[in-house]
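Novice: Have a peek at entry38.txt (compact mmCIF, C-alpha atoms and all ligand atoms).
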```
# COMPACT_ATOMS: atom_id res chain seq x y z
CA MET A 1 -27.75 0.66 8.40
CA PRO A 2 -26.00 2.03 5.29
CA PRO A 3 -24.35 -0.40 2.85
CA SER A 4 -20.54 -0.53 2.84
CA GLU A 5 -19.54 2.62 0.92
CA THR A 6 -16.19 1.19 -0.07
CA LEU A 7 -18.04 -1.45 -2.07
CA ALA A 8 -20.38 1.21 -3.60
CA VAL A 9 -17.48 3.10 -5.25
CA THR A 10 -16.04 -0.07 -6.75
CA ALA A 11 -19.49 -0.92 -8.13
CA LYS A 12 -19.84 2.50 -9.80
CA ALA A 13 -16.36 2.24 -11.31
CA LYS A 14 -17.23 -1.22 -12.67
CA GLN A 15 -20.40 0.18 -14.23
CA LEU A 16 -18.37 2.84 -16.11
CA LYS A 17 -15.83 0.21 -17.18
CA ALA A 18 -18.67 -1.92 -18.56
CA GLN A 19 -19.61 1.07 -20.75
CA GLY A 20 -16.13 0.87 -22.26
CA ILE A 21 -14.66 3.79 -20.28
CA ASP A 22 -11.01 3.48 -19.21
CA VAL A 23 -11.40 3.95 -15.44
CA VAL A 24 -8.42 3.90 -13.08
CA SER A 25 -9.62 2.35 -9.85
CA PHE A 26 -8.02 3.10 -6.50
CA GLY A 27 -11.04 1.69 -4.69
CA ALA A 28 -9.88 -1.89 -4.10
CA GLY A 29 -9.66 -3.23 -0.57
CA GLU A 30 -7.91 -6.40 -1.64
CA PRO A 31 -4.44 -7.30 -2.93
CA ASP A 32 -4.17 -7.48 -6.73
CA PHE A 33 -2.01 -10.64 -6.51
CA ASP A 34 -3.42 -14.11 -7.05
CA THR A 35 -3.53 -16.55 -4.12
CA PRO A 36 -0.14 -18.36 -4.19
CA ASP A 37 -0.25 -21.73 -5.95
CA PHE A 38 1.01 -23.77 -3.00
CA ILE A 39 -2.10 -22.67 -1.05
CA LYS A 40 -4.48 -23.40 -3.93
CA ASP A 41 -2.88 -26.83 -4.35
CA ALA A 42 -3.51 -27.64 -0.68
CA ALA A 43 -7.23 -26.85 -1.13
CA VAL A 44 -7.41 -29.09 -4.23
CA THR A 45 -5.69 -31.93 -2.35
CA ALA A 46 -8.12 -31.51 0.56
CA LEU A 47 -11.12 -31.53 -1.77
CA LYS A 48 -9.89 -34.66 -3.52
CA ALA A 49 -9.32 -36.31 -0.14
CA GLY A 50 -12.99 -35.77 0.65
CA LYS A 51 -12.62 -32.88 3.09
CA THR A 52 -16.10 -31.69 2.27
CA LYS A 53 -18.02 -32.27 5.48
CA TYR A 54 -18.56 -30.33 8.72
CA THR A 55 -15.66 -29.69 11.08
CA PRO A 56 -15.95 -28.46 14.69
CA ALA A 57 -17.79 -25.10 14.53
CA SER A 58 -14.78 -23.11 15.81
CA GLY A 59 -12.41 -24.69 13.25
CA THR A 60 -10.31 -27.86 13.17
CA ILE A 61 -7.91 -28.48 16.02
CA GLU A 62 -5.09 -28.76 13.43
CA LEU A 63 -5.73 -25.25 12.12
CA ARG A 64 -6.12 -23.78 15.60
CA LYS A 65 -2.78 -25.37 16.52
CA ALA A 66 -1.18 -23.92 13.36
CA ILE A 67 -2.50 -20.47 14.30
CA ALA A 68 -1.19 -20.86 17.87
CA GLU A 69 2.24 -21.75 16.45
CA LYS A 70 2.12 -18.77 14.10
CA MET A 71 1.29 -16.44 16.98
CA LYS A 72 4.17 -17.82 19.05
CA ARG A 73 6.63 -17.62 16.14
CA ASP A 74 5.62 -14.23 14.70
CA ASN A 75 4.19 -12.38 17.68
CA GLY A 76 5.81 -14.03 20.72
CA LEU A 77 2.33 -14.83 22.07
CA ASP A 78 1.30 -17.98 23.95
CA TYR A 79 -2.21 -19.22 23.16
CA LYS A 80 -3.68 -22.66 23.67
CA PRO A 81 -5.70 -23.86 20.65
CA GLU A 82 -8.86 -23.46 22.79
CA GLN A 83 -8.11 -19.75 23.03
CA ILE A 84 -8.40 -19.47 19.25
CA ILE A 85 -11.47 -19.49 17.02
CA VAL A 86 -11.41 -19.62 13.23
CA ASN A 87 -13.98 -17.22 11.75
CA ILE A 88 -15.50 -16.69 8.31
CA GLY A 89 -13.11 -13.83 7.46
CA GLY A 90 -11.72 -10.99 9.54
CA LYS A 91 -15.02 -9.13 9.31
CA HIS A 92 -16.80 -12.01 11.01
CA SER A 93 -14.14 -12.06 13.72
CA VAL A 94 -14.85 -8.40 14.51
CA TYR A 95 -18.61 -8.87 14.42
CA GLU A 96 -18.57 -11.95 16.63
CA ALA A 97 -16.11 -10.49 19.15
CA MET A 98 -18.38 -7.47 19.61
CA GLN A 99 -21.50 -9.63 19.91
CA ALA A 100 -19.78 -11.74 22.56
CA VAL A 101 -18.46 -8.85 24.64
CA LEU A 102 -20.83 -5.90 24.29
CA ASP A 103 -24.21 -5.29 25.89
CA GLU A 104 -26.89 -2.67 25.28
CA GLY A 105 -25.60 0.80 26.16
CA ASP A 106 -21.92 -0.17 26.54
CA GLU A 107 -19.42 2.33 25.19
CA VAL A 108 -16.71 1.50 22.68
CA ILE A 109 -13.81 3.88 22.07
CA LEU A 110 -13.31 4.15 18.35
CA PRO A 111 -10.35 6.14 17.01
CA VAL A 112 -11.07 8.19 13.87
CA PRO A 113 -10.32 7.45 11.05
CA TYR A 114 -11.84 4.00 11.37
CA TRP A 115 -12.59 1.06 9.08
CA VAL A 116 -16.20 1.50 7.88
CA THR A 117 -17.42 -1.73 9.44
CA TYR A 118 -16.63 -0.91 13.09
CA PRO A 119 -19.40 1.67 13.76
CA GLU A 120 -21.99 -0.64 12.23
CA THR A 121 -20.89 -3.75 14.15
CA ILE A 122 -20.83 -1.67 17.36
CA LYS A 123 -24.42 -0.56 16.62
CA LEU A 124 -25.45 -4.16 15.84
CA ALA A 125 -24.25 -5.18 19.30
CA GLY A 126 -26.44 -2.46 20.85
CA ALA A 127 -23.39 -0.48 21.98
CA ILE A 128 -22.42 3.16 21.45
CA ALA A 129 -19.28 4.32 19.63
CA GLN A 130 -17.29 7.08 21.34
CA PHE A 131 -15.28 8.67 18.54
CA VAL A 132 -11.79 9.92 19.30
CA TYR A 133 -10.52 12.19 16.54
CA ALA A 134 -6.84 11.73 15.76
CA ASP A 135 -4.79 14.61 14.30
CA ARG A 136 -3.24 14.78 10.85
CA ALA A 137 -0.11 16.12 12.59
CA ASN A 138 0.10 12.84 14.56
CA SER A 139 -0.32 10.74 11.37
CA TYR A 140 -3.96 10.12 12.44
CA LYS A 141 -2.95 8.11 15.53
CA ILE A 142 -4.61 8.80 18.87
CA THR A 143 -2.50 9.87 21.85
CA PRO A 144 -2.53 8.38 25.38
CA GLN A 145 -4.00 11.70 26.63
CA GLN A 146 -6.90 11.41 24.18
CA LEU A 147 -7.53 7.82 25.25
CA LYS A 148 -7.52 8.76 28.93
CA LYS A 149 -10.00 11.57 28.31
CA ALA A 150 -12.37 9.28 26.40
CA LEU A 151 -12.61 6.62 29.14
CA THR A 152 -15.84 6.57 31.14
CA LYS A 153 -17.43 4.13 33.59
CA LYS A 154 -19.35 2.69 30.65
CA THR A 155 -16.30 2.00 28.45
CA VAL A 156 -16.13 -1.71 27.72
CA MET A 157 -13.97 -1.84 24.61
CA LEU A 158 -11.27 0.00 22.67
CA VAL A 159 -10.92 -0.83 18.99
CA LEU A 160 -7.35 -0.58 17.71
CA ASN A 161 -6.40 -1.19 14.11
CA SER A 162 -2.71 -1.10 13.28
CA PRO A 163 -1.59 -1.14 10.45
CA ASN A 164 -4.61 0.95 9.69
CA ASN A 165 -7.31 1.03 7.06
CA PRO A 166 -7.83 3.75 5.82
CA GLY A 167 -5.00 5.74 7.48
CA GLY A 168 -2.03 3.66 6.28
CA PHE A 169 -0.30 4.31 9.62
CA THR A 170 1.16 1.84 12.12
CA TYR A 171 1.51 2.47 15.86
CA THR A 172 5.10 2.13 17.09
CA PRO A 173 5.85 -0.25 20.00
CA ASP A 174 6.37 2.79 22.22
CA GLU A 175 3.01 4.32 21.26
CA LEU A 176 1.25 1.01 21.97
CA THR A 177 3.01 0.76 25.34
CA GLN A 178 1.76 4.25 26.26
CA LEU A 179 -1.81 3.37 25.25
CA ALA A 180 -1.63 0.09 27.19
CA LYS A 181 -0.50 1.97 30.34
CA VAL A 182 -3.61 4.16 30.22
CA LEU A 183 -5.80 1.05 30.34
CA GLU A 184 -4.06 -0.53 33.34
CA GLY A 185 -6.43 -0.79 36.29
CA THR A 186 -9.52 -0.68 34.03
CA ASP A 187 -11.68 -3.54 32.73
CA VAL A 188 -11.51 -2.34 29.13
CA ILE A 189 -11.14 -5.05 26.49
CA VAL A 190 -9.02 -4.19 23.46
CA LEU A 191 -10.12 -5.50 20.11
CA SER A 192 -6.86 -5.34 18.17
CA ASP A 193 -7.45 -5.76 14.45
CA GLU A 194 -4.08 -6.90 13.09
CA ILE A 195 -5.17 -8.11 9.67
CA TYR A 196 -2.51 -5.99 7.88
CA GLU A 197 0.35 -7.13 10.16
CA LYS A 198 2.58 -8.39 7.34
CA LEU A 199 2.17 -5.27 5.22
CA VAL A 200 4.52 -2.77 6.86
CA TYR A 201 6.96 -0.42 5.13
CA SER A 202 10.03 1.76 5.52
CA GLY A 203 11.56 -0.34 8.28
CA THR A 204 8.38 -0.29 10.39
CA LYS A 205 8.24 -3.11 12.92
CA PHE A 206 4.86 -4.66 13.57
CA ILE A 207 4.05 -5.56 17.12
CA SER A 208 0.86 -7.13 18.42
CA PHE A 209 -0.90 -5.11 21.11
CA ALA A 210 -1.30 -8.33 23.11
CA SER A 211 2.48 -8.72 23.35
CA ILE A 212 3.05 -5.32 25.01
CA SER A 213 2.65 -6.65 28.56
CA LYS A 214 0.93 -9.35 30.62
CA ASP A 215 -1.81 -6.83 31.39
CA ALA A 216 -2.31 -6.12 27.66
CA TYR A 217 -2.34 -9.86 26.87
CA ASN A 218 -5.10 -10.49 29.41
CA ARG A 219 -7.38 -7.78 28.04
CA THR A 220 -6.80 -8.23 24.29
CA LEU A 221 -8.74 -10.00 21.58
CA VAL A 222 -6.47 -10.28 18.56
CA SER A 223 -8.40 -10.26 15.31
CA ASN A 224 -6.50 -11.42 12.26
CA GLY A 225 -6.97 -13.42 9.08
CA LEU A 226 -5.48 -14.70 5.87
CA SER A 227 -7.23 -12.31 3.45
CA LYS A 228 -4.57 -9.62 3.12
CA THR A 229 -1.35 -11.48 3.98
CA PHE A 230 -1.88 -14.34 1.55
CA SER A 231 -4.15 -12.61 -0.94
CA MET A 232 -7.04 -14.86 0.09
CA THR A 233 -9.94 -12.40 0.36
CA GLY A 234 -12.41 -14.76 -1.31
CA TRP A 235 -11.59 -17.73 0.91
CA ARG A 236 -13.18 -16.12 3.97
CA LEU A 237 -10.71 -17.11 6.66
CA GLY A 238 -10.20 -15.04 9.78
CA TYR A 239 -9.39 -15.85 13.38
CA THR A 240 -9.57 -14.44 16.88
CA ALA A 241 -7.30 -15.19 19.84
CA GLY A 242 -7.80 -14.08 23.41
CA PRO A 243 -9.19 -14.87 26.85
CA LEU A 244 -10.76 -18.35 26.92
CA GLU A 245 -14.10 -17.10 28.27
CA VAL A 246 -14.63 -14.75 25.30
CA ILE A 247 -13.42 -17.22 22.69
CA GLU A 248 -15.79 -19.84 24.09
CA ALA A 249 -18.69 -17.35 23.94
CA MET A 250 -17.81 -16.58 20.32
CA GLY A 251 -17.73 -20.33 19.65
CA ARG A 252 -21.24 -20.75 21.04
CA LEU A 253 -22.51 -17.94 18.83
CA GLN A 254 -20.67 -19.31 15.78
CA SER A 255 -22.14 -22.77 16.37
CA HIS A 256 -25.61 -21.30 15.79
CA MET A 257 -24.69 -18.63 13.30
CA THR A 258 -22.49 -20.05 10.54
CA SER A 259 -20.98 -23.30 11.87
CA ASN A 260 -17.46 -23.99 10.66
CA PRO A 261 -15.39 -22.08 8.09
CA VAL A 262 -15.23 -23.93 4.72
CA THR A 263 -13.62 -27.29 5.41
CA PHE A 264 -11.12 -27.57 2.54
CA ALA A 265 -10.20 -23.88 2.93
CA GLN A 266 -9.09 -24.69 6.49
CA ASP A 267 -6.57 -27.22 5.14
CA ALA A 268 -5.27 -24.58 2.74
CA ALA A 269 -4.94 -22.18 5.67
CA ILE A 270 -2.76 -24.70 7.54
CA LYS A 271 -0.51 -24.86 4.48
CA ALA A 272 -0.33 -21.05 4.24
CA LEU A 273 0.64 -20.75 7.91
CA THR A 274 3.16 -23.61 8.04
CA CYS A 275 4.77 -24.01 4.61
CA PRO A 276 8.48 -23.03 4.70
CA ILE A 277 8.25 -21.09 1.42
CA ALA A 278 5.31 -18.93 2.66
CA PRO A 279 7.38 -16.13 4.29
CA ASP A 280 9.33 -15.54 1.05
CA VAL A 281 6.15 -15.43 -1.03
CA VAL A 282 4.57 -12.94 1.39
CA GLU A 283 7.74 -10.85 1.47
CA LYS A 284 7.75 -10.54 -2.33
CA MET A 285 4.23 -9.07 -2.22
CA ARG A 286 5.21 -6.76 0.64
CA ILE A 287 8.20 -5.40 -1.28
CA GLU A 288 5.96 -4.62 -4.25
CA PHE A 289 3.46 -2.81 -2.01
CA GLU A 290 6.30 -0.84 -0.40
CA LYS A 291 7.47 0.49 -3.78
CA ARG A 292 3.95 1.57 -4.60
CA ALA A 293 3.38 3.18 -1.19
CA ARG A 294 6.39 5.45 -1.59
CA PHE A 295 5.64 6.26 -5.22
CA MET A 296 1.98 7.08 -4.60
CA ALA A 297 2.62 9.22 -1.50
CA GLN A 298 5.39 11.21 -3.23
CA LYS A 299 3.24 11.82 -6.30
CA LEU A 300 0.25 12.86 -4.19
CA ASN A 301 2.36 15.31 -2.20
CA SER A 302 3.58 16.91 -5.43
CA ILE A 303 -0.01 17.90 -6.26
CA LYS A 304 -1.03 21.37 -5.04
CA GLY A 305 -3.38 21.28 -2.05
CA VAL A 306 -2.91 17.53 -1.41
CA PHE A 307 -1.21 16.38 1.81
CA CYS A 308 -0.31 12.73 2.34
CA THR A 309 1.58 11.05 5.16
CA GLU A 310 3.70 8.27 3.65
CA PRO A 311 2.04 4.96 4.59
CA THR A 312 3.90 2.71 7.02
CA GLY A 313 1.39 -0.11 6.64
CA ALA A 314 -1.69 -1.63 4.90
CA PHE A 315 -2.18 -0.61 1.24
CA TYR A 316 -3.80 2.80 1.39
CA CYS A 317 -2.84 6.44 1.04
CA PHE A 318 -5.19 8.77 2.90
CA PRO A 319 -4.45 12.31 1.71
CA ASP A 320 -6.13 15.45 3.00
CA VAL A 321 -7.65 17.19 -0.03
CA SER A 322 -9.80 19.70 1.87
CA GLU A 323 -7.91 22.69 0.45
CA HIS A 324 -9.91 22.07 -2.72
CA TYR A 325 -13.29 22.16 -0.94
CA GLY A 326 -15.38 25.19 -1.82
CA ARG A 327 -14.01 25.20 -5.37
CA SER A 328 -16.06 24.59 -8.49
CA ILE A 329 -14.45 22.12 -10.89
CA ASN A 330 -15.96 21.92 -14.40
CA GLY A 331 -19.11 23.48 -12.97
CA THR A 332 -19.40 21.03 -10.04
CA LYS A 333 -19.18 22.50 -6.57
CA ILE A 334 -16.86 20.45 -4.33
CA GLY A 335 -18.29 20.65 -0.82
CA GLY A 336 -16.68 17.59 0.78
CA SER A 337 -15.14 14.18 0.16
CA ASN A 338 -18.29 12.65 -1.39
CA ASP A 339 -18.53 15.48 -3.97
CA PHE A 340 -14.80 15.19 -4.58
CA ALA A 341 -14.89 11.43 -5.22
CA ASN A 342 -18.03 11.60 -7.37
CA ALA A 343 -16.78 14.46 -9.55
CA LEU A 344 -13.35 12.84 -9.90
CA LEU A 345 -14.92 9.61 -11.09
CA GLU A 346 -17.41 11.24 -13.44
CA GLN A 347 -15.06 13.86 -14.91
CA ALA A 348 -11.59 12.30 -14.79
CA TYR A 349 -12.48 8.58 -14.56
CA VAL A 350 -10.51 7.90 -11.39
CA ALA A 351 -12.20 5.96 -8.59
CA VAL A 352 -11.24 6.81 -4.99
CA VAL A 353 -13.18 6.29 -1.76
CA PRO A 354 -14.44 9.42 0.05
CA GLY A 355 -13.09 9.87 3.59
CA GLN A 356 -16.51 10.65 5.06
CA PRO A 357 -17.53 7.00 5.73
CA PHE A 358 -14.19 6.56 7.55
CA GLY A 359 -15.04 9.56 9.77
CA CYS A 360 -12.67 12.01 7.99
CA ASP A 361 -14.41 14.20 5.46
CA ASN A 362 -11.17 16.12 4.74
CA ASN A 363 -9.62 13.04 3.16
CA ILE A 364 -9.96 10.53 0.37
CA ARG A 365 -8.64 6.95 0.35
CA LEU A 366 -6.57 5.58 -2.51
CA SER A 367 -5.66 1.92 -2.53
CA PHE A 368 -2.32 1.00 -4.08
CA ALA A 369 -3.38 -2.59 -4.68
CA CYS A 370 -2.84 -1.96 -8.40
CA SER A 371 0.16 -1.66 -10.74
CA LEU A 372 2.67 1.22 -10.71
CA GLU A 373 1.52 2.08 -14.26
CA GLN A 374 -2.07 2.45 -13.07
CA ILE A 375 -0.93 4.57 -10.12
CA GLU A 376 1.03 6.87 -12.40
CA LYS A 377 -1.82 7.18 -14.88
CA GLY A 378 -4.46 7.81 -12.20
CA LEU A 379 -2.42 10.41 -10.34
CA GLU A 380 -1.65 12.30 -13.54
CA ARG A 381 -5.39 12.44 -14.18
CA ILE A 382 -6.04 13.71 -10.64
CA GLU A 383 -3.38 16.40 -10.97
CA LYS A 384 -4.71 17.56 -14.32
CA TRP A 385 -8.28 17.60 -13.00
CA LEU A 386 -7.36 19.58 -9.89
CA THR A 387 -5.30 22.17 -11.74
CA LYS A 388 -8.15 22.99 -14.13
C1 LIG B 401 -9.17 -3.20 8.99
C2 LIG B 401 -9.82 -4.39 8.40
N1 LIG B 401 -10.19 -5.39 9.21
C3 LIG B 401 -10.79 -6.49 8.73
C4 LIG B 401 -11.05 -6.64 7.38
C5 LIG B 401 -11.80 -7.88 6.96
O1 LIG B 401 -11.19 -8.70 6.09
P1 LIG B 401 -11.88 -10.05 5.61
O2 LIG B 401 -13.25 -10.12 6.21
O3 LIG B 401 -11.93 -9.95 4.14
O4 LIG B 401 -11.00 -11.15 6.10
C6 LIG B 401 -10.68 -5.63 6.49
C7 LIG B 401 -11.00 -5.73 5.05
O5 LIG B 401 -11.03 -4.79 4.32
C8 LIG B 401 -10.04 -4.48 7.01
O6 LIG B 401 -9.65 -3.49 6.21
```
Using C-alpha cells, write down the structure that the file contains.
Specialist:
Amino acid sequence: MPPSETLAVTAKAKQLKAQGIDVVSFGAGEPDFDTPDFIKDAAVTALKAGKTKYTPASGTIELRKAIAEKMKRDNGLDYKPEQIIVNIGGKHSVYEAMQAVLDEGDEVILPVPYWVTYPETIKLAGAIAQFVYADRANSYKITPQQLKKALTKKTVMLVLNSPNNPGGFTYTPDELTQLAKVLEGTDVIVLSDEIYEKLVYSGTKFISFASISKDAYNRTLVSNGLSKTFSMTGWRLGYTAGPLEVIEAMGRLQSHMTSNPVTFAQDAAIKALTCPIAPDVVEKMRIEFEKRARFMAQKLNSIKGVFCTEPTGAFYCFPDVSEHYGRSINGTKIGGSNDFANALLEQAYVAVVPGQPFGCDNNIRLSFACSLEQIEKGLERIEKWLTK
C-alpha cells in the first residue's frame, strides 16, 4: 500500500521551508484556524475533573446523544444514540464502516475523483473498487446513468463524498434524489462521507444523503466528524450513524481495535456540538473560506490553460492543467500531474497536490486553507512559471 501522497507533498514543502526557502503551500488538508477557545476550555475542564479514564468503547452516551441531537437539528435525521458510534477521526469511521460491511471480493462503486484513502481502505477490507469516472463538464459529479451502469450483482457499497475532497463540488438535493432512485430495489449500502457539510459556498445547500428518503435512510451510513467544521483535526473525533446492525458490528471491532476515543476530547466534542455560540463561530470560518474559494478559482481561471470549476464546498480548487502536459518548463518535461507538482515546487516554490492519487491525472489540487495573501502570492508564481 502506498503512503498517503497528500502528506508526502506537505513533507517535501516543509523540508524546503526548513532550508530557509519561502514556499507557498497549497497542500494542507486542514483548516488554518485554531480550535475555538470554548472547545479547548471544555477539554481543560474535563481534564481537571479527572476525565482521564476509559469510556464505553463506542463513545460516551452523552456524546452519542449530542450527535443524535445535532443530526436531528441540522439534518432532519432521527437516530437513537445506539445507532451512533464515535470514532477516532473521520478516517477511522470510513475504515471501520468498510471493515464491518465488506467481504472478500465485494464490489464498491467509487466515483472519481476520490479522496486518496478510499481505494486503500476498500483494499484493506478485501473488496474491489469499481471506478466511475465523472466528467469535468458535470463538475466531476457522477450521473444517475453512470451509477446504474456500474451496478453489478456483486456491488455492496457506493461511496459518496459531498462536499468533495478533492473536487470542491457538492451534489444538489435533486442530484442526490436521482442517485438514490437508482439504488431503490437493491441491497447497496451508501457510505456518505459528510465531513465537509458545514463548508458550502455560493448559496449551496447541504443535504445529507440519508435524509433524501426513507429508502436512502435505511441504506446509508453517514460518516462525519469534528475535524473540518470545528478546526479540530488533531483531536481525532469522527462519528458514524446508520443501521443498528452495522453500528453494533463497528462497535465490536472498535472494542478490540482502539477502544474509546480520547475521554476528555469527547467532553469537548459535546461542547462543540451543543454550545449556542458554536454556529456563529463556524459561520465566521465558512465566510472566510468562501471569499478564498471565489478568489482562488477566479485567479486560476485567468491563467492560460488552467480550467477550474468554482468550488461549492470543502476547501479545495481542483483545476485541470493538462493543456500544459507535453511542454518542457525550464528544461523539465511535464508529462502528468506528478511532474507538474514536482517541477512547480522545485522551480517556483509552490506546493500543490498532484491529481493522480485522486484518480484524475489531468488535475492538481490546491487547498485554500491559507490566507488570501498567500493565495495571491502563490498564484502569481504559478502564472509566471507557466508563461515562461
Ligand atoms: C473526504 C474526507 N473524509 C474524511 C477525512 C478524515 O478526516 P479526519 O480523520 O481528520 O477526521 C478527510 C480528511 O482529509 C477527508 O478529506
Novice: Please find the residues contacting ligand LIG 401 (chain B) at a distance of at most 7 Å between atoms, with all atoms listed in the file counted, and report them as a ChimeraX atom specification.
Specialist: /A:29-30,89-92,115,161,164-165,193,195,225-227,233,236-238
Novice: Would you give me, as JSON lines, each residue of stretch 302-357 of chain A having an atom within 7 Å of an atom of stretch 196-217 of chain A, along with its shortest atom pair and that distance in Å to one decimal, using only C-alpha atoms and sorting by chain and residue number?
Specialist:
```
{"residue": "A:Thr312", "atom": "CA", "partner": "A:Tyr201", "partner_atom": "CA", "distance": 4.8}
{"residue": "A:Gly313", "atom": "CA", "partner": "A:Val200", "partner_atom": "CA", "distance": 4.1}
{"residue": "A:Ala314", "atom": "CA", "partner": "A:Leu199", "partner_atom": "CA", "distance": 5.3}
```
Novice: Store the residues of this selection in a file with C-alpha atoms, as a PDB file, in the coordinates of the input.
Specialist:
```
ATOM      1  CA  THR A 312       3.900   2.710   7.020  1.00  0.00           C
ATOM      2  CA  GLY A 313       1.390  -0.110   6.640  1.00  0.00           C
ATOM      3  CA  ALA A 314      -1.690  -1.630   4.900  1.00  0.00           C
TER       4      ALA A 314
END
```
Novice: For stretch 352-365 of chain A, what centre and edge lengths in Å (one decimal) does the axis-aligned box get once 5 Å is added on each side of all its listed atoms, as lines of an AutoDock Vina configuration file?
Specialist:
```
center_x = -13.1
center_y = 11.2
center_z = 2.4
size_x = 18.9
size_y = 19.8
size_z = 24.8
```
Novice: Grab the atom CA of A:Thr170 to atom CA of A:Glu194 distance for me, in Å with one decimal place.
Specialist: 10.2 Å
Novice: Could you pull the residues within 7 Å of A:Ala341, counting all atoms listed in the file, minus those fewer than 6 positions along the same chain, as an MDAnalysis selection string?
Specialist: chainID A and resid 351:354
Novice: For A:Tyr118, which residue among A:Ala18, A:Ala278, A:Ser4, A:Val156 is the nearest when counting only C-alpha atoms?
Specialist: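 For A:Tyr118, the nearest of the given residues is A:Ser4.
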Novice: With distances taken over all atoms listed in the file, which residue among A:Gly50, A:Gly336, A:Gly234, A:Pro311 lies nearest A:Thr35?
Specialist: A:Gly234
Novice: Just checking: using all atoms listed in the file, which residue out of A:Gly242, A:Pro36, A:Pro319, A:Pro119 ends up closest to A:Lys299?
Specialist: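 Closest to A:Lys299, using all atoms listed in the file: A:Pro319.
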Novice: Which residues are near A:Lys51? Cut-off 9 Å, all atoms listed in the file, ignore same chain within fewer than 4 positions. Put them as a count of residues only.
Specialist: 6
Novice: Looking at all atoms listed in the file, which of A:Ile382, A:Val94, A:Leu345, A:Ala57 is the one that sits closest to A:Val9?
Specialist: A:Leu345
Novice: State, in Å with one decimal place, the distance from atom CA of A:Tyr316 to atom CA of A:Gly167.
Specialist: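 Pair atom CA of A:Tyr316 / atom CA of A:Gly167 returns 6.9 Å.
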Novice: Work out how far atom CA of A:Asn342 is from atom CA of A:Gly305, in Å to one decimal.
Specialist: 18.3 Å
Novice: When distances are computed from all atoms listed in the file, which of A:Ala11, A:Ala97, A:Val112, A:Cys308 shows the smallest separation from A:Asp135?
Specialist: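 Using all atoms listed in the file, A:Asp135 sits closest to A:Val112.
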Novice: Which is closest to A:Cys317 among A:Gly126, A:Pro3, A:Gly359, A:Pro166, if we use all atoms listed in the file?
Specialist: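 Selected residue with least distance to A:Cys317: A:Pro166.
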Novice: Identify, on the basis of all atoms listed in the file, every residue whose closest approach to A:Met250 does not exceed 9 Å; exclude the query and any residue fewer than 3 positions from it along the same chain; express the result as a PDB file with C-alpha atoms, in the coordinates of the input.
Specialist:
```pdb
ATOM      1  CA  SER A  58     -14.780 -23.110  15.810  1.00  0.00           C
ATOM      2  CA  ILE A  85     -11.470 -19.490  17.020  1.00  0.00           C
ATOM      3  CA  SER A  93     -14.140 -12.060  13.720  1.00  0.00           C
ATOM      4  CA  GLU A  96     -18.570 -11.950  16.630  1.00  0.00           C
ATOM      5  CA  ALA A  97     -16.110 -10.490  19.150  1.00  0.00           C
ATOM      6  CA  GLN A  99     -21.500  -9.630  19.910  1.00  0.00           C
ATOM      7  CA  ALA A 100     -19.780 -11.740  22.560  1.00  0.00           C
ATOM      8  CA  VAL A 101     -18.460  -8.850  24.640  1.00  0.00           C
ATOM      9  CA  GLU A 245     -14.100 -17.100  28.270  1.00  0.00           C
ATOM     10  CA  VAL A 246     -14.630 -14.750  25.300  1.00  0.00           C
ATOM     11  CA  ILE A 247     -13.420 -17.220  22.690  1.00  0.00           C
ATOM     12  CA  LEU A 253     -22.510 -17.940  18.830  1.00  0.00           C
ATOM     13  CA  GLN A 254     -20.670 -19.310  15.780  1.00  0.00           C
ATOM     14  CA  SER A 255     -22.140 -22.770  16.370  1.00  0.00           C
TER      15      SER A 255
END
```
